[in-house]
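Chemist: Sharing model_0.tsv, TSV, C-alpha atoms:
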chain	number	residue	atom	x	y	z
V	25	MET	CA	0.00	0.00	0.00
V	26	LYS	CA	2.78	2.37	1.00
V	27	ARG	CA	4.31	1.78	-2.42
V	28	PHE	CA	1.42	3.63	-4.02
V	29	LEU	CA	1.28	6.48	-1.55
V	30	ILE	CA	4.51	8.11	-2.70
V	31	PRO	CA	3.61	8.35	-6.42
V	32	LEU	CA	0.10	9.42	-5.43
V	33	GLY	CA	1.54	12.17	-3.25
V	34	LEU	CA	3.83	13.32	-6.04
V	35	PHE	CA	0.93	13.30	-8.46
V	36	LEU	CA	-1.17	15.43	-6.12
V	37	VAL	CA	1.67	17.95	-5.75
V	38	LEU	CA	1.89	18.11	-9.53
V	39	VAL	CA	-1.88	18.61	-9.82
V	40	VAL	CA	-1.75	21.45	-7.30
V	41	PHE	CA	1.06	23.17	-9.22
V	42	LEU	CA	-0.74	22.76	-12.54
V	43	ALA	CA	-4.02	24.02	-11.06
V	44	ILE	CA	-2.28	27.15	-9.74
V	45	GLY	CA	-0.62	27.63	-13.11
V	46	LEU	CA	-3.86	27.28	-15.03
V	47	ASN	CA	-5.73	29.72	-12.85
V	48	ARG	CA	-3.22	32.52	-13.21
V	49	ASP	CA	-3.60	35.03	-15.98
V	50	PRO	CA	-0.21	35.31	-17.67
V	51	HIS	CA	-1.19	38.75	-18.90
V	52	GLU	CA	-1.25	40.02	-15.34
V	53	VAL	CA	2.35	40.91	-14.74
V	54	PRO	CA	2.88	42.19	-11.21
V	55	SER	CA	3.98	45.81	-11.37
V	56	PRO	CA	7.28	46.75	-9.77
V	57	LEU	CA	5.79	50.20	-9.23
V	58	VAL	CA	3.52	49.16	-6.36
V	59	GLY	CA	5.05	50.67	-3.23
V	60	LYS	CA	7.05	53.20	-5.23
V	61	PRO	CA	6.27	56.90	-5.73
V	62	ALA	CA	4.04	57.52	-8.73
V	63	PRO	CA	6.28	58.73	-11.58
V	64	ALA	CA	6.06	62.48	-12.04
V	65	PHE	CA	4.67	63.95	-15.24
V	66	THR	CA	3.22	67.18	-16.54
V	67	LEU	CA	0.53	66.78	-19.16
V	68	GLU	CA	-2.09	69.00	-20.68
V	69	LYS	CA	-5.63	68.69	-19.44
V	70	LEU	CA	-8.29	67.46	-21.82
V	71	ALA	CA	-10.88	70.03	-20.82
V	72	GLU	CA	-8.55	73.02	-20.49
V	73	PRO	CA	-6.03	73.27	-23.35
V	74	GLY	CA	-2.81	74.91	-22.24
V	75	LYS	CA	-3.30	74.00	-18.57
V	76	THR	CA	-1.31	71.13	-17.14
V	77	PHE	CA	-1.67	68.61	-14.37
V	78	SER	CA	0.96	66.80	-12.30
V	79	PRO	CA	0.47	63.98	-9.79
V	80	ALA	CA	1.96	66.35	-7.20
V	81	ASP	CA	-1.29	68.36	-7.47
V	82	MET	CA	-3.05	65.48	-5.72
V	83	GLN	CA	-0.73	65.48	-2.70
V	84	GLY	CA	-2.69	64.79	0.47
V	85	GLN	CA	-5.47	62.90	-1.30
V	86	VAL	CA	-6.08	59.25	-2.00
V	87	TRP	CA	-6.89	59.02	-5.70
V	88	LEU	CA	-7.15	56.77	-8.71
V	89	LEU	CA	-5.26	57.18	-11.94
V	90	ASN	CA	-7.20	55.40	-14.68
V	91	VAL	CA	-5.58	54.82	-18.08
V	92	TRP	CA	-8.14	54.92	-20.86
V	93	ALA	CA	-8.66	55.57	-24.58
V	94	SER	CA	-11.74	55.75	-26.77
V	95	TRP	CA	-10.44	52.89	-28.97
V	96	CYS	CA	-10.07	50.61	-25.97
V	97	VAL	CA	-12.95	48.17	-25.86
V	98	SER	CA	-12.32	46.97	-22.31
V	99	CYS	CA	-12.42	50.59	-21.17
V	100	ARG	CA	-15.99	50.78	-22.40
V	101	ALA	CA	-16.80	47.66	-20.39
V	102	GLU	CA	-15.26	49.19	-17.28
V	103	HIS	CA	-16.68	52.66	-17.80
V	104	PRO	CA	-20.20	52.32	-16.29
V	105	LEU	CA	-18.62	51.11	-13.07
V	106	LEU	CA	-16.35	54.16	-12.93
V	107	VAL	CA	-19.28	56.49	-13.69
V	108	ALA	CA	-21.38	54.94	-10.92
V	109	PHE	CA	-18.43	55.04	-8.55
V	110	SER	CA	-17.78	58.72	-9.22
V	111	ARG	CA	-21.47	59.55	-8.66
V	112	GLN	CA	-21.18	58.04	-5.19
V	113	GLY	CA	-18.26	60.38	-4.67
V	114	GLY	CA	-15.91	57.53	-3.91
V	115	LEU	CA	-12.47	58.79	-4.81
V	116	PRO	CA	-11.16	61.41	-7.19
V	117	ILE	CA	-10.36	59.70	-10.48
V	118	VAL	CA	-7.84	61.23	-12.84
V	119	GLY	CA	-8.05	59.91	-16.38
V	120	LEU	CA	-4.86	59.36	-18.33
V	121	ASN	CA	-5.96	59.37	-21.94
V	122	TYR	CA	-3.40	57.06	-23.52
V	123	LYS	CA	-2.38	57.38	-27.17
V	124	GLU	CA	-5.86	58.40	-28.23
V	125	VAL	CA	-4.87	58.82	-31.88
V	126	ARG	CA	-1.68	56.76	-32.20
V	127	GLY	CA	-3.18	53.78	-30.42
V	128	ASP	CA	-6.01	53.53	-32.93
V	129	GLY	CA	-4.89	51.15	-35.63
V	130	GLY	CA	-7.30	52.77	-38.08
V	131	ILE	CA	-5.46	56.09	-38.17
V	132	ASP	CA	-2.02	56.71	-39.58
V	133	ALA	CA	-0.84	59.16	-36.93
V	134	LYS	CA	2.52	59.64	-38.64
V	135	LYS	CA	0.78	61.70	-41.29
V	136	LEU	CA	-0.71	64.12	-38.76
V	137	SER	CA	0.98	67.27	-37.59
V	138	PRO	CA	1.32	67.61	-33.78
V	139	ALA	CA	-1.36	70.29	-33.75
V	140	ASP	CA	-3.75	68.14	-35.77
V	141	GLU	CA	-3.06	65.19	-33.52
V	142	ALA	CA	-3.80	67.28	-30.43
V	143	SER	CA	-7.08	68.59	-31.79
V	144	LEU	CA	-8.15	65.15	-33.02
V	145	THR	CA	-7.27	63.71	-29.60
V	146	ARG	CA	-9.39	66.33	-27.81
V	147	GLN	CA	-12.26	65.84	-30.21
V	148	ARG	CA	-12.31	62.04	-29.96
V	149	ALA	CA	-11.75	61.85	-26.19
V	150	GLY	CA	-14.30	64.58	-25.50
V	151	ALA	CA	-16.92	62.95	-27.70
V	152	TRP	CA	-16.39	59.60	-26.02
V	153	LEU	CA	-16.80	61.09	-22.55
V	154	SER	CA	-19.96	62.98	-23.46
V	155	GLN	CA	-21.40	59.81	-24.96
V	156	HIS	CA	-20.50	57.40	-22.16
V	157	GLY	CA	-20.34	59.76	-19.18
V	158	ASP	CA	-17.36	61.44	-17.54
V	159	PRO	CA	-16.32	59.93	-14.21
V	160	TYR	CA	-13.07	61.86	-14.11
V	161	THR	CA	-12.15	64.78	-11.92
V	162	LEU	CA	-10.02	65.66	-14.92
V	163	SER	CA	-8.33	63.87	-17.78
V	164	VAL	CA	-4.86	64.48	-19.15
V	165	LEU	CA	-3.53	63.68	-22.60
V	166	ASP	CA	-0.61	61.30	-23.07
V	167	MET	CA	-0.53	61.43	-26.85
V	168	ASP	CA	2.76	59.64	-27.48
V	169	GLY	CA	2.48	57.16	-24.61
V	170	ARG	CA	5.69	58.31	-22.88
V	171	VAL	CA	3.99	58.68	-19.51
V	172	GLY	CA	2.36	55.30	-20.10
V	173	ILE	CA	5.82	53.75	-20.36
V	174	ASP	CA	6.89	55.39	-17.10
V	175	TYR	CA	3.85	53.82	-15.45
V	176	GLY	CA	4.53	50.44	-17.05
V	177	VAL	CA	1.30	50.49	-19.03
V	178	TYR	CA	1.08	47.59	-21.46
V	179	GLY	CA	-2.62	47.00	-21.86
V	180	VAL	CA	-5.30	49.60	-21.38
V	181	PRO	CA	-7.29	49.95	-19.12
V	182	GLU	CA	-5.04	50.03	-16.10
V	183	THR	CA	-5.75	51.74	-12.81
V	184	TYR	CA	-3.42	52.89	-10.05
V	185	LEU	CA	-4.44	53.62	-6.48
V	186	ILE	CA	-2.20	56.36	-5.15
V	187	ASP	CA	-1.96	57.37	-1.49
V	188	LYS	CA	-1.70	60.78	0.16
V	189	LYS	CA	2.08	60.82	-0.12
V	190	GLY	CA	1.94	60.04	-3.84
V	191	VAL	CA	2.95	56.37	-3.53
V	192	ILE	CA	1.31	53.77	-5.78
V	193	ARG	CA	-0.33	51.25	-3.50
V	194	PHE	CA	-2.26	49.03	-5.90
V	195	LYS	CA	-2.46	48.44	-9.62
V	196	GLN	CA	-5.43	46.95	-11.42
V	197	ILE	CA	-4.50	45.50	-14.78
V	198	GLY	CA	-7.41	45.32	-17.16
V	199	PRO	CA	-10.92	46.56	-16.40
V	200	ILE	CA	-11.92	47.13	-12.78
V	201	THR	CA	-14.46	44.49	-11.88
V	202	PRO	CA	-17.14	45.12	-9.23
V	203	ASP	CA	-15.39	42.40	-7.24
V	204	ALA	CA	-11.98	44.10	-7.43
V	205	LEU	CA	-13.55	47.43	-6.49
V	206	GLU	CA	-15.41	46.05	-3.47
V	207	LYS	CA	-12.81	43.64	-2.19
V	208	LYS	CA	-9.50	45.28	-3.02
V	209	ILE	CA	-9.65	48.91	-4.04
V	210	LEU	CA	-12.24	50.26	-1.59
V	211	PRO	CA	-10.92	48.57	1.58
V	212	LEU	CA	-7.39	49.66	0.74
V	213	ALA	CA	-8.55	53.20	-0.10
V	214	ARG	CA	-10.34	53.43	3.25
V	215	GLN	CA	-7.24	52.29	5.03
V	216	LEU	CA	-5.11	54.79	3.09
V	217	ALA	CA	-7.54	57.63	3.84
V	218	ALA	CA	-7.04	56.94	7.54
V	219	GLU	CA	-3.27	57.26	7.18
V	220	SER	CA	-1.88	60.67	7.89
P	17	MET	CA	-11.57	41.84	-27.03
P	18	LYS	CA	-10.91	43.71	-30.24
P	19	ALA	CA	-7.55	44.81	-28.92
P	20	LEU	CA	-6.74	41.23	-27.99
P	21	ARG	CA	-7.76	39.95	-31.40
P	22	ARG	CA	-5.67	42.60	-33.04
P	23	THR	CA	-2.73	41.65	-30.88
P	24	LEU	CA	-3.17	37.99	-31.77
P	25	THR	CA	-3.35	38.83	-35.44
P	26	THR	CA	-0.18	40.89	-35.23
P	27	CYS	CA	1.56	38.10	-33.36
P	28	ALA	CA	0.40	35.55	-35.92
P	29	THR	CA	1.43	37.74	-38.82
P	30	ALA	CA	4.81	38.34	-37.28
P	31	LEU	CA	5.26	34.60	-36.81
P	32	LEU	CA	4.18	33.76	-40.35
P	33	LEU	CA	6.24	36.38	-42.05
P	34	GLY	CA	9.13	35.71	-39.69
P	35	PRO	CA	12.43	37.27	-40.65
P	36	LEU	CA	10.90	38.95	-43.68
P	37	SER	CA	8.56	41.10	-41.59
P	38	LEU	CA	11.31	41.73	-39.07
P	39	SER	CA	13.68	43.21	-41.60
P	40	ALA	CA	10.91	45.12	-43.34
P	41	HIS	CA	9.83	46.45	-40.00
P	42	ALA	CA	13.29	47.43	-38.89
P	43	GLY	CA	13.51	49.53	-42.03
P	44	GLU	CA	10.14	51.12	-41.58
P	45	ALA	CA	10.31	51.98	-37.89
P	46	THR	CA	13.76	53.48	-37.78
P	47	PRO	CA	13.73	57.07	-38.86
P	48	MET	CA	16.96	57.50	-36.89
P	49	ALA	CA	18.61	54.46	-38.46
P	50	ASP	CA	21.55	56.40	-39.83
P	51	ASN	CA	23.77	54.89	-37.16
P	52	PRO	CA	24.24	51.13	-37.73
P	53	VAL	CA	26.09	50.77	-34.42
P	54	VAL	CA	23.03	52.04	-32.54
P	55	GLU	CA	20.75	49.71	-34.53
P	56	ALA	CA	23.00	46.70	-33.88
P	57	ARG	CA	22.95	47.42	-30.15
P	58	LEU	CA	19.20	48.01	-30.25
P	59	ILE	CA	18.67	44.58	-31.77
P	60	ALA	CA	21.11	42.90	-29.40
P	61	ILE	CA	19.42	44.43	-26.34
P	62	SER	CA	15.86	43.97	-27.48
P	63	GLU	CA	16.45	40.28	-28.33
P	64	GLU	CA	16.94	39.83	-24.59
P	65	LEU	CA	13.72	41.59	-23.66
P	66	ARG	CA	10.19	40.32	-23.73
P	67	CYS	CA	7.36	42.12	-25.44
P	68	LEU	CA	4.61	42.40	-22.85
P	69	VAL	CA	1.81	42.30	-25.36
P	70	CYS	CA	3.05	39.34	-27.41
P	71	GLN	CA	4.50	37.59	-24.41
P	72	ASN	CA	6.42	34.90	-26.23
P	73	GLU	CA	8.10	37.29	-28.61
P	74	SER	CA	11.14	39.38	-27.99
P	75	LEU	CA	11.03	43.13	-28.17
P	76	ALA	CA	13.14	42.89	-31.30
P	77	GLY	CA	10.70	40.70	-33.20
P	78	SER	CA	7.34	42.00	-32.05
P	79	ARG	CA	5.16	44.16	-34.24
P	80	ALA	CA	2.97	45.15	-31.32
P	81	GLU	CA	2.62	48.86	-30.91
P	82	LEU	CA	4.00	48.92	-27.40
P	83	ALA	CA	7.10	47.10	-28.65
P	84	GLU	CA	7.57	49.80	-31.24
P	85	ASP	CA	7.31	52.48	-28.55
P	86	LEU	CA	9.74	50.63	-26.33
P	87	ARG	CA	12.24	50.16	-29.15
P	88	ARG	CA	12.05	53.90	-29.69
P	89	GLU	CA	12.79	54.45	-25.99
P	90	VAL	CA	15.70	51.98	-26.05
P	91	ARG	CA	17.12	53.66	-29.15
P	92	LYS	CA	16.96	57.01	-27.40
P	93	LEU	CA	18.68	55.61	-24.32
P	94	ILE	CA	21.44	54.16	-26.51
P	95	GLN	CA	21.90	57.54	-28.15
P	96	ASP	CA	22.07	59.12	-24.69
P	97	GLY	CA	25.07	56.87	-24.06
P	98	LYS	CA	23.44	54.53	-21.54
P	99	SER	CA	24.99	51.12	-20.93
P	100	ASP	CA	23.12	47.87	-21.63
P	101	THR	CA	22.63	47.31	-17.90
P	102	GLU	CA	21.22	50.80	-17.43
P	103	ILE	CA	18.79	50.26	-20.29
P	104	LYS	CA	17.62	46.94	-18.90
P	105	ASP	CA	17.25	48.49	-15.45
P	106	TYR	CA	15.14	51.24	-16.99
P	107	LEU	CA	12.70	48.69	-18.38
P	108	VAL	CA	12.76	46.47	-15.30
P	109	ALA	CA	11.89	49.49	-13.14
P	110	ARG	CA	8.74	49.96	-15.21
P	111	TYR	CA	7.67	46.49	-16.23
P	112	GLY	CA	9.38	44.23	-13.69
P	113	ASP	CA	11.73	41.27	-14.09
P	114	PHE	CA	9.21	39.71	-16.45
P	115	VAL	CA	10.64	41.76	-19.34
P	116	LEU	CA	13.94	39.92	-19.00
P	117	TYR	CA	14.18	36.60	-20.82
P	118	ARG	CA	17.04	35.69	-18.47
P	119	PRO	CA	15.66	36.11	-14.96
P	120	PRO	CA	18.15	37.52	-12.43
P	121	VAL	CA	19.43	35.28	-9.63
P	122	LYS	CA	17.97	36.62	-6.39
P	123	PRO	CA	16.15	35.12	-3.38
P	124	THR	CA	12.74	35.14	-5.09
P	125	THR	CA	14.11	33.30	-8.14
P	126	TRP	CA	16.26	30.78	-6.26
P	127	LEU	CA	13.55	28.16	-6.62
P	128	LEU	CA	13.48	28.78	-10.36
P	129	TRP	CA	17.25	28.61	-10.78
P	130	PHE	CA	18.16	25.90	-8.28
P	131	GLY	CA	14.85	24.00	-7.98
P	132	PRO	CA	15.59	21.58	-10.84
P	133	PHE	CA	19.02	20.73	-9.39
P	134	ALA	CA	17.50	20.26	-5.93
P	135	LEU	CA	14.89	17.98	-7.48
P	136	LEU	CA	17.59	15.97	-9.26
P	137	ALA	CA	19.69	15.69	-6.08
P	138	GLY	CA	16.60	14.54	-4.17
P	139	ALA	CA	15.78	11.95	-6.81
P	140	VAL	CA	19.35	10.61	-6.81
P	141	ALA	CA	19.36	10.42	-3.01
P	142	GLY	CA	16.03	8.58	-3.10
P	143	LEU	CA	17.33	6.14	-5.70
P	144	VAL	CA	20.52	5.43	-3.71
P	145	ALA	CA	18.52	4.87	-0.52
P	146	TYR	CA	16.12	2.57	-2.35
P	147	LEU	CA	18.92	0.52	-3.93
P	148	ARG	CA	20.71	0.16	-0.59
P	149	ARG	CA	17.55	-0.98	1.14
P	150	ARG	CA	16.85	-3.49	-1.59
P	151	ALA	CA	20.40	-4.83	-1.50
P	152	SER	CA	20.10	-5.45	2.24
P	153	ARG	CA	16.75	-7.23	1.79
P	154	VAL	CA	18.03	-9.82	-0.70
P	155	GLN	CA	19.12	-12.95	1.29
P	156	PRO	CA	22.07	-14.87	-0.15
P	157	ALA	CA	20.83	-18.36	-1.07
P	158	HIS	CA	22.22	-21.28	0.94
P	159	LEU	CA	22.67	-24.54	-0.90
P	160	SER	CA	22.72	-27.72	1.16
P	161	ALA	CA	25.15	-30.48	0.20
P	162	ALA	CA	22.27	-32.73	-0.97
P	163	ASP	CA	20.80	-29.96	-3.16
P	164	LYS	CA	24.21	-29.32	-4.68
P	165	ALA	CA	24.67	-33.02	-5.49
P	166	SER	CA	21.26	-33.30	-7.16
P	167	ALA	CA	21.89	-30.12	-9.17
P	168	GLU	CA	25.18	-31.51	-10.40
P	169	ALA	CA	23.52	-34.80	-11.32
P	170	LEU	CA	20.92	-32.92	-13.34
P	171	LEU	CA	23.64	-30.95	-15.10
P	172	ALA	CA	25.52	-34.11	-15.96
P	173	ASP	CA	22.34	-35.64	-17.41
P	174	THR	CA	21.68	-32.65	-19.62
P	175	PRO	CA	23.20	-33.05	-23.10
P	176	PRO	CA	25.46	-30.14	-23.99
P	177	ARG	CA	23.68	-27.45	-25.97
P	178	PRO	CA	24.50	-27.29	-29.64
P	179	LYS	CA	26.70	-24.33	-30.36
P	180	ASP	CA	25.17	-21.31	-32.03
P	181	PRO	CA	25.73	-21.39	-35.76
P	182	ALA	CA	27.29	-17.95	-35.53
So that I can check it, write out the structure of this file as structure tokens.
Modeler:
Amino acid sequence: MKRFLIPLGLFLVLVVFLAIGLNRDPHEVPSPLVGKPAPAFTLEKLAEPGKTFSPADMQGQVWLLNVWASWCVSCRAEHPLLVAFSRQGGLPIVGLNYKEVRGDGGIDAKKLSPADEASLTRQRAGAWLSQHGDPYTLSVLDMDGRVGIDYGVYGVPETYLIDKKGVIRFKQIGPITPDALEKKILPLARQLAAES
Amino acid sequence: MKALRRTLTTCATALLLGPLSLSAHAGEATPMADNPVVEARLIAISEELRCLVCQNESLAGSRAELAEDLRREVRKLIQDGKSDTEIKDYLVARYGDFVLYRPPVKPTTWLLWFGPFALLAGAVAGLVAYLRRRASRVQPAHLSAADKASAEALLADTPPRPKDPA
């Protein structure tokens, strides 16, 4: 009998390892930025051309940085949740509009002048927000995706929870699910709001 | 879903077209390609880095848009005179160790690096222990004088085997 117990045990260990492997999403790469200060940037606001925003402006608040684009289908799936969340006055959400024009495969952005790209970006992003609702305190424009690289963005939507000192405390890769909001983001945000 | 499908299509196209698309792409995406030394280093470095969108492709071979952006960044860092290590550190700081095809040796990757050897050592130790135990279990056979005599008689009765034709 004992003869069979050892292979059985080994087999069960293997099954456990395989089960863990199968249930992990390989597209969710843990971000090295969690626990580090949110990278600084200065980008133009969507609603107020010429005016800029920096993460330092949010010092002292717990806030979300949500990376979005109008061409991003998962963003549309996530959007109603963000709109509902902002109506409840949960947390300030800053939108990082990521490569609005360049990210859209249907447009050859290389043929556009910077000014044309900026106005097309504003037009597309603004239209999308008026159609689907605007949950953002403000949105900023990352037209070439440089800021996205600093934040390690590799698949929109992505959302960062940033604490009062400007440190990234959590990163959601892919759309925020009601489950992730209730079980991870909100409890952590409450805890962070209590920190001085 | 659309983005995913597009990514898959790009990955598939890149795979199908293979080196052809790679060389065509290198020509198309390098407006600053006047310096072949920079391009050679760019390829050497980005072969070692993973594209996060097409996860089983290197940054050098991927046609994903993010890969294009990252190659642009790497090219700029090369032109700024950064060393290979500095460039890799730049990407690791943003995307984590996952971008490296060769994971670094550090406490969290010890299991990855040394696990297989530990497993092999364990298996060898188990085999040795098993063989020793088995050797001690086998009792040497004792032949009584009568048994030996009857065995010899049987052998004497048996006609010798014909030799093999070979």
Chemist: Which is closest to V:Leu67 among V:Met82, V:Val40, V:Leu165, V:Cys96, if we use all atoms listed in the file?
Modeler: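 Looking only at the distances to V:Leu67, the closest residue turns out to be V:Leu165.
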Chemist: Using only C-alpha atoms, what table do you get, as CSV, when you list each residue of chain V with an atom no more than 8 Å from chain P, its nearest pair of atoms, and their distance in Å rounded to one decimal, rows by chain then rising number?
Modeler:
residue,atom,partner,partner_atom,distance
V:His51,CA,P:Leu68,CA,7.9
V:Val53,CA,P:Phe114,CA,7.2
V:Pro54,CA,P:Gly112,CA,7.2
V:Ser55,CA,P:Gly112,CA,6.1
V:Pro56,CA,P:Gly112,CA,5.1
V:Leu57,CA,P:Arg110,CA,6.7
V:Cys96,CA,P:Ala19,CA,7.0
V:Val97,CA,P:Lys18,CA,6.6
V:Ser98,CA,P:Met17,CA,7.0
V:Gly127,CA,P:Glu81,CA,7.6
V:Gly169,CA,P:Asp85,CA,7.8
V:Ile173,CA,P:Arg110,CA,7.0
V:Asp174,CA,P:Arg110,CA,6.0
V:Tyr175,CA,P:Arg110,CA,6.2
V:Gly176,CA,P:Arg110,CA,4.6
V:Tyr178,CA,P:Leu68,CA,6.4
V:Gly179,CA,P:Val69,CA,7.3
Chemist: Write the residues of the preceding selection, restricted to C-alpha atoms, as an mmCIF file, in the coordinates of the input.
Modeler:
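Generated output (out19.cif):
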data_model
loop_
_atom_site.group_PDB
_atom_site.id
_atom_site.type_symbol
_atom_site.label_atom_id
_atom_site.label_comp_id
_atom_site.auth_asym_id
_atom_site.auth_seq_id
_atom_site.Cartn_x
_atom_site.Cartn_y
_atom_site.Cartn_z
ATOM 1 C CA HIS V 51 -1.190 38.750 -18.900
ATOM 2 C CA VAL V 53 2.350 40.910 -14.740
ATOM 3 C CA PRO V 54 2.880 42.190 -11.210
ATOM 4 C CA SER V 55 3.980 45.810 -11.370
ATOM 5 C CA PRO V 56 7.280 46.750 -9.770
ATOM 6 C CA LEU V 57 5.790 50.200 -9.230
ATOM 7 C CA CYS V 96 -10.070 50.610 -25.970
ATOM 8 C CA VAL V 97 -12.950 48.170 -25.860
ATOM 9 C CA SER V 98 -12.320 46.970 -22.310
ATOM 10 C CA GLY V 127 -3.180 53.780 -30.420
ATOM 11 C CA GLY V 169 2.480 57.160 -24.610
ATOM 12 C CA ILE V 173 5.820 53.750 -20.360
ATOM 13 C CA ASP V 174 6.890 55.390 -17.100
ATOM 14 C CA TYR V 175 3.850 53.820 -15.450
ATOM 15 C CA GLY V 176 4.530 50.440 -17.050
ATOM 16 C CA TYR V 178 1.080 47.590 -21.460
ATOM 17 C CA GLY V 179 -2.620 47.000 -21.860
#
Chemist: Please report the interatomic distance between atom CA of P:Ser78 and atom CA of V:Ala133 in Å with one decimal.
Modeler: 19.6 Å
Chemist: What is the atom CA of P:Arg57-atom CA of P:Val90 distance in Å, reported with one decimal?
Modeler: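 These atoms are spaced 9.5 Å apart.
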Chemist: Can you pull out the residues contacting V:Phe77? Cut-off 9 Å, using all atoms listed in the file, and skip same-chain residues under 5 positions away; I want them as a list of chain:residue names.
Modeler: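 Selected residues are V:Phe65, V:Thr66, V:Leu67, V:Glu68, V:Lys69, V:Leu162, V:Ser163, V:Val164.
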Chemist: For the residues in the current selection, export C-alpha atoms as a PDB file, in the coordinates of the input.
Modeler:
ATOM      1  CA  PHE V  65       4.670  63.950 -15.240  1.00  0.00           C
ATOM      2  CA  THR V  66       3.220  67.180 -16.540  1.00  0.00           C
ATOM      3  CA  LEU V  67       0.530  66.780 -19.160  1.00  0.00           C
ATOM      4  CA  GLU V  68      -2.090  69.000 -20.680  1.00  0.00           C
ATOM      5  CA  LYS V  69      -5.630  68.690 -19.440  1.00  0.00           C
ATOM      6  CA  LEU V 162     -10.020  65.660 -14.920  1.00  0.00           C
ATOM      7  CA  SER V 163      -8.330  63.870 -17.780  1.00  0.00           C
ATOM      8  CA  VAL V 164      -4.860  64.480 -19.150  1.00  0.00           C
TER       9      VAL V 164
END
Chemist: Just give me the gap between atom CA of V:Leu88 and atom CA of V:Gly119 in Å, one decimal is fine.
Modeler: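 Taking atom CA of V:Leu88 as the start and atom CA of V:Gly119 as the end point, the length is 8.3 Å.
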Chemist: Check the smallest atom-to-atom distance from each of V:Pro79, V:Gly114, V:Gly198, V:Gly157 to V:Pro63 using only C-alpha atoms, then report the winner.
Modeler: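 Looking at the shortest contact to V:Pro63, the residue is V:Pro79.
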Chemist: Leaving out V:Gly190 and any residue of its chain fewer than 2 positions from it, which residues lie within 10 Å of it when counting all atoms listed in the file, given as an MDAnalysis selection string?
Modeler: chainID V and resid 59:64 79:87 185:188 192:193
Chemist: Please write a file for stretch 76-80 of chain P, taken from the block I just shared, that holds all heavy atoms and is laid out as a compact mmCIF listing (two decimals), in the first residue's frame.
Modeler:
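Wrote selection.txt, looks like this:
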# COMPACT_ATOMS: atom_id res chain seq x y z
N ALA P 76 12.58 42.66 -29.98
CA ALA P 76 13.14 42.89 -31.30
C ALA P 76 12.19 42.41 -32.40
O ALA P 76 12.08 43.02 -33.45
CB ALA P 76 14.48 42.17 -31.43
N GLY P 77 11.48 41.31 -32.14
CA GLY P 77 10.70 40.70 -33.20
C GLY P 77 9.24 41.12 -33.22
O GLY P 77 8.54 40.86 -34.20
N SER P 78 8.77 41.77 -32.15
CA SER P 78 7.34 42.00 -32.05
C SER P 78 6.90 43.21 -32.88
O SER P 78 7.59 44.22 -32.95
CB SER P 78 6.96 42.23 -30.60
OG SER P 78 5.60 42.55 -30.54
N ARG P 79 5.74 43.04 -33.49
CA ARG P 79 5.16 44.16 -34.24
C ARG P 79 4.10 44.88 -33.42
O ARG P 79 3.43 45.77 -33.92
CB ARG P 79 4.53 43.63 -35.53
CG ARG P 79 5.54 43.34 -36.61
CD ARG P 79 4.87 42.79 -37.83
NE ARG P 79 3.98 43.76 -38.45
CZ ARG P 79 4.38 44.67 -39.32
NH1 ARG P 79 5.64 44.73 -39.66
NH2 ARG P 79 3.52 45.50 -39.85
N ALA P 80 3.95 44.48 -32.16
CA ALA P 80 2.97 45.15 -31.32
C ALA P 80 3.37 46.61 -31.15
O ALA P 80 4.54 46.95 -31.21
CB ALA P 80 2.89 44.47 -29.96
